[in-house]
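Source file: input23.pdb; contents: PDB, C-alpha atoms.
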```pdb
MODEL        1
ATOM      1  CA  MET A   1      -4.308 -85.613 -18.203
ATOM      2  CA  ILE A   2      -6.831 -87.498 -16.151
ATOM      3  CA  ALA A   3      -8.987 -90.122 -17.883
ATOM      4  CA  LYS A   4     -12.573 -90.412 -16.638
ATOM      5  CA  LYS A   5     -15.844 -91.852 -17.825
ATOM      6  CA  VAL A   6     -18.483 -89.389 -18.989
ATOM      7  CA  ARG A   7     -20.876 -90.554 -16.256
ATOM      8  CA  ASP A   8     -18.303 -89.618 -13.586
ATOM      9  CA  LEU A   9     -18.105 -85.978 -14.716
ATOM     10  CA  LYS A  10     -20.234 -83.338 -13.052
ATOM     11  CA  GLN A  11     -22.687 -81.377 -15.153
ATOM     12  CA  GLY A  12     -20.842 -78.393 -16.629
ATOM     13  CA  GLU A  13     -17.373 -79.977 -16.373
ATOM     14  CA  TRP A  14     -15.009 -79.485 -19.342
ATOM     15  CA  PHE A  15     -13.291 -82.354 -21.162
ATOM     16  CA  THR A  16     -11.616 -83.400 -24.411
ATOM     17  CA  ARG A  17     -12.141 -86.619 -26.337
ATOM     18  CA  LYS A  18      -8.386 -87.207 -26.820
ATOM     19  CA  PRO A  19      -5.443 -86.694 -24.434
ATOM     20  CA  ILE A  20      -4.400 -83.180 -25.546
ATOM     21  CA  ASP A  21      -2.402 -80.900 -23.221
ATOM     22  CA  TYR A  22      -3.290 -77.644 -25.028
ATOM     23  CA  PRO A  23      -6.580 -78.146 -26.931
ATOM     24  CA  THR A  24      -8.134 -75.637 -29.303
ATOM     25  CA  GLU A  25     -11.574 -74.207 -28.561
ATOM     26  CA  ARG A  26     -13.316 -76.691 -30.877
ATOM     27  CA  GLN A  27     -11.777 -79.677 -29.070
ATOM     28  CA  VAL A  28     -13.272 -78.785 -25.684
ATOM     29  CA  PHE A  29     -16.690 -80.140 -24.694
ATOM     30  CA  ILE A  30     -18.950 -79.490 -21.706
ATOM     31  CA  ARG A  31     -20.949 -82.324 -20.154
ATOM     32  CA  ASP A  32     -24.594 -81.361 -19.988
ATOM     33  CA  PHE A  33     -27.730 -83.414 -19.274
ATOM     34  CA  TYR A  34     -28.559 -87.133 -19.465
ATOM     35  CA  CYS A  35     -31.012 -87.988 -22.255
ATOM     36  CA  ARG A  36     -33.206 -90.810 -20.957
ATOM     37  CA  GLU A  37     -34.686 -91.508 -24.381
ATOM     38  CA  ASP A  38     -31.276 -92.211 -25.966
ATOM     39  CA  LYS A  39     -29.662 -93.390 -22.696
ATOM     40  CA  LYS A  40     -26.672 -91.146 -23.393
ATOM     41  CA  PHE A  41     -25.179 -87.897 -22.115
ATOM     42  CA  PHE A  42     -25.475 -84.744 -24.207
ATOM     43  CA  CYS A  43     -22.151 -82.919 -24.456
ATOM     44  CA  MET A  44     -21.894 -79.547 -26.166
ATOM     45  CA  ARG A  45     -18.900 -77.822 -27.693
ATOM     46  CA  TRP A  46     -17.396 -74.987 -25.684
ATOM     47  CA  THR A  47     -17.503 -72.645 -28.691
ATOM     48  CA  ASN A  48     -21.074 -73.373 -29.817
ATOM     49  CA  ILE A  49     -23.699 -74.573 -27.354
ATOM     50  CA  SER A  50     -26.071 -75.647 -30.128
ATOM     51  CA  ASP A  51     -23.442 -78.037 -31.529
ATOM     52  CA  GLY A  52     -23.155 -81.175 -29.455
ATOM     53  CA  ILE A  53     -22.806 -84.931 -29.352
ATOM     54  CA  LEU A  54     -24.382 -87.799 -27.449
ATOM     55  CA  LEU A  55     -21.916 -90.045 -25.612
ATOM     56  CA  LYS A  56     -22.440 -93.303 -23.749
ATOM     57  CA  GLY A  57     -21.707 -93.229 -20.028
ATOM     58  CA  ASP A  58     -18.613 -95.460 -20.273
ATOM     59  CA  THR A  59     -16.922 -93.344 -22.950
ATOM     60  CA  ILE A  60     -13.445 -92.369 -21.755
ATOM     61  CA  VAL A  61     -12.732 -88.616 -21.850
ATOM     62  CA  TYR A  62      -9.863 -86.485 -20.571
ATOM     63  CA  THR A  63      -9.846 -83.650 -18.046
ATOM     64  CA  ASP A  64      -7.196 -81.551 -16.285
ATOM     65  CA  PHE A  65      -5.732 -79.737 -19.282
ATOM     66  CA  PHE A  66      -4.570 -76.177 -19.940
ATOM     67  CA  PHE A  67      -7.136 -74.055 -21.752
TER      68      PHE A  67
ENDMDL
END
```

Represent the structure of the file as structure tokens.
Amino acid sequence: MIAKKVRDLKQGEWFTRKPIDYPTERQVFIRDFYCREDKKFFCMRWTNISDGILLKGDTIVYTDFFF
């Protein structure tokens, strides 16, 4: 697992919120656009693109997992 900040991810990059080696589909998020109004990044679930969360740029997330 590689820990990164949300702002360091490229748009469209996959991540999990916890260090999980084999996450389920609902635990995988995709970094999308930066919302200037909220000053946060919109991240959508891999399984449902209309379901998402807003995360601050310094939120630690995890990449490099088996999916």

Do you know which residues are at most 10 Å from Phe65 in chain A counting all atoms listed in the file, after dropping those on the same chain fewer than 6 positions away, and could you put them as a PyMOL selection string?
chain A and resi 1-2+14-16+19-23+28

Step by step, work through what the PyMOL selection byres ((chain A and resi 47-55) around 12) selects in the shown file, and finish by giving those residues as a PDB file with C-alpha atoms, keeping the file's coordinate frame.
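Just written: part37.pdb:
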```pdb
ATOM      1  CA  LYS A   5     -15.844 -91.852 -17.825  1.00  0.00           C
ATOM      2  CA  VAL A   6     -18.483 -89.389 -18.989  1.00  0.00           C
ATOM      3  CA  ARG A   7     -20.876 -90.554 -16.256  1.00  0.00           C
ATOM      4  CA  GLY A  12     -20.842 -78.393 -16.629  1.00  0.00           C
ATOM      5  CA  TRP A  14     -15.009 -79.485 -19.342  1.00  0.00           C
ATOM      6  CA  ARG A  17     -12.141 -86.619 -26.337  1.00  0.00           C
ATOM      7  CA  THR A  24      -8.134 -75.637 -29.303  1.00  0.00           C
ATOM      8  CA  GLU A  25     -11.574 -74.207 -28.561  1.00  0.00           C
ATOM      9  CA  ARG A  26     -13.316 -76.691 -30.877  1.00  0.00           C
ATOM     10  CA  GLN A  27     -11.777 -79.677 -29.070  1.00  0.00           C
ATOM     11  CA  VAL A  28     -13.272 -78.785 -25.684  1.00  0.00           C
ATOM     12  CA  PHE A  29     -16.690 -80.140 -24.694  1.00  0.00           C
ATOM     13  CA  ILE A  30     -18.950 -79.490 -21.706  1.00  0.00           C
ATOM     14  CA  ARG A  31     -20.949 -82.324 -20.154  1.00  0.00           C
ATOM     15  CA  ASP A  32     -24.594 -81.361 -19.988  1.00  0.00           C
ATOM     16  CA  PHE A  33     -27.730 -83.414 -19.274  1.00  0.00           C
ATOM     17  CA  TYR A  34     -28.559 -87.133 -19.465  1.00  0.00           C
ATOM     18  CA  CYS A  35     -31.012 -87.988 -22.255  1.00  0.00           C
ATOM     19  CA  ARG A  36     -33.206 -90.810 -20.957  1.00  0.00           C
ATOM     20  CA  GLU A  37     -34.686 -91.508 -24.381  1.00  0.00           C
ATOM     21  CA  ASP A  38     -31.276 -92.211 -25.966  1.00  0.00           C
ATOM     22  CA  LYS A  39     -29.662 -93.390 -22.696  1.00  0.00           C
ATOM     23  CA  LYS A  40     -26.672 -91.146 -23.393  1.00  0.00           C
ATOM     24  CA  PHE A  41     -25.179 -87.897 -22.115  1.00  0.00           C
ATOM     25  CA  PHE A  42     -25.475 -84.744 -24.207  1.00  0.00           C
ATOM     26  CA  CYS A  43     -22.151 -82.919 -24.456  1.00  0.00           C
ATOM     27  CA  MET A  44     -21.894 -79.547 -26.166  1.00  0.00           C
ATOM     28  CA  ARG A  45     -18.900 -77.822 -27.693  1.00  0.00           C
ATOM     29  CA  TRP A  46     -17.396 -74.987 -25.684  1.00  0.00           C
ATOM     30  CA  LYS A  56     -22.440 -93.303 -23.749  1.00  0.00           C
ATOM     31  CA  GLY A  57     -21.707 -93.229 -20.028  1.00  0.00           C
ATOM     32  CA  ASP A  58     -18.613 -95.460 -20.273  1.00  0.00           C
ATOM     33  CA  THR A  59     -16.922 -93.344 -22.950  1.00  0.00           C
ATOM     34  CA  ILE A  60     -13.445 -92.369 -21.755  1.00  0.00           C
ATOM     35  CA  VAL A  61     -12.732 -88.616 -21.850  1.00  0.00           C
TER      36      VAL A  61
END
```

Box along x, y and z, 3 Å on every side, all listed atoms of range 39-56 of chain A inside: centre and edge lengths in Å to one decimal, as lines of an AutoDock Vina configuration file.
```
center_x = -23.5
center_y = -83.0
center_z = -26.8
size_x = 18.3
size_y = 26.7
size_z = 15.4
```
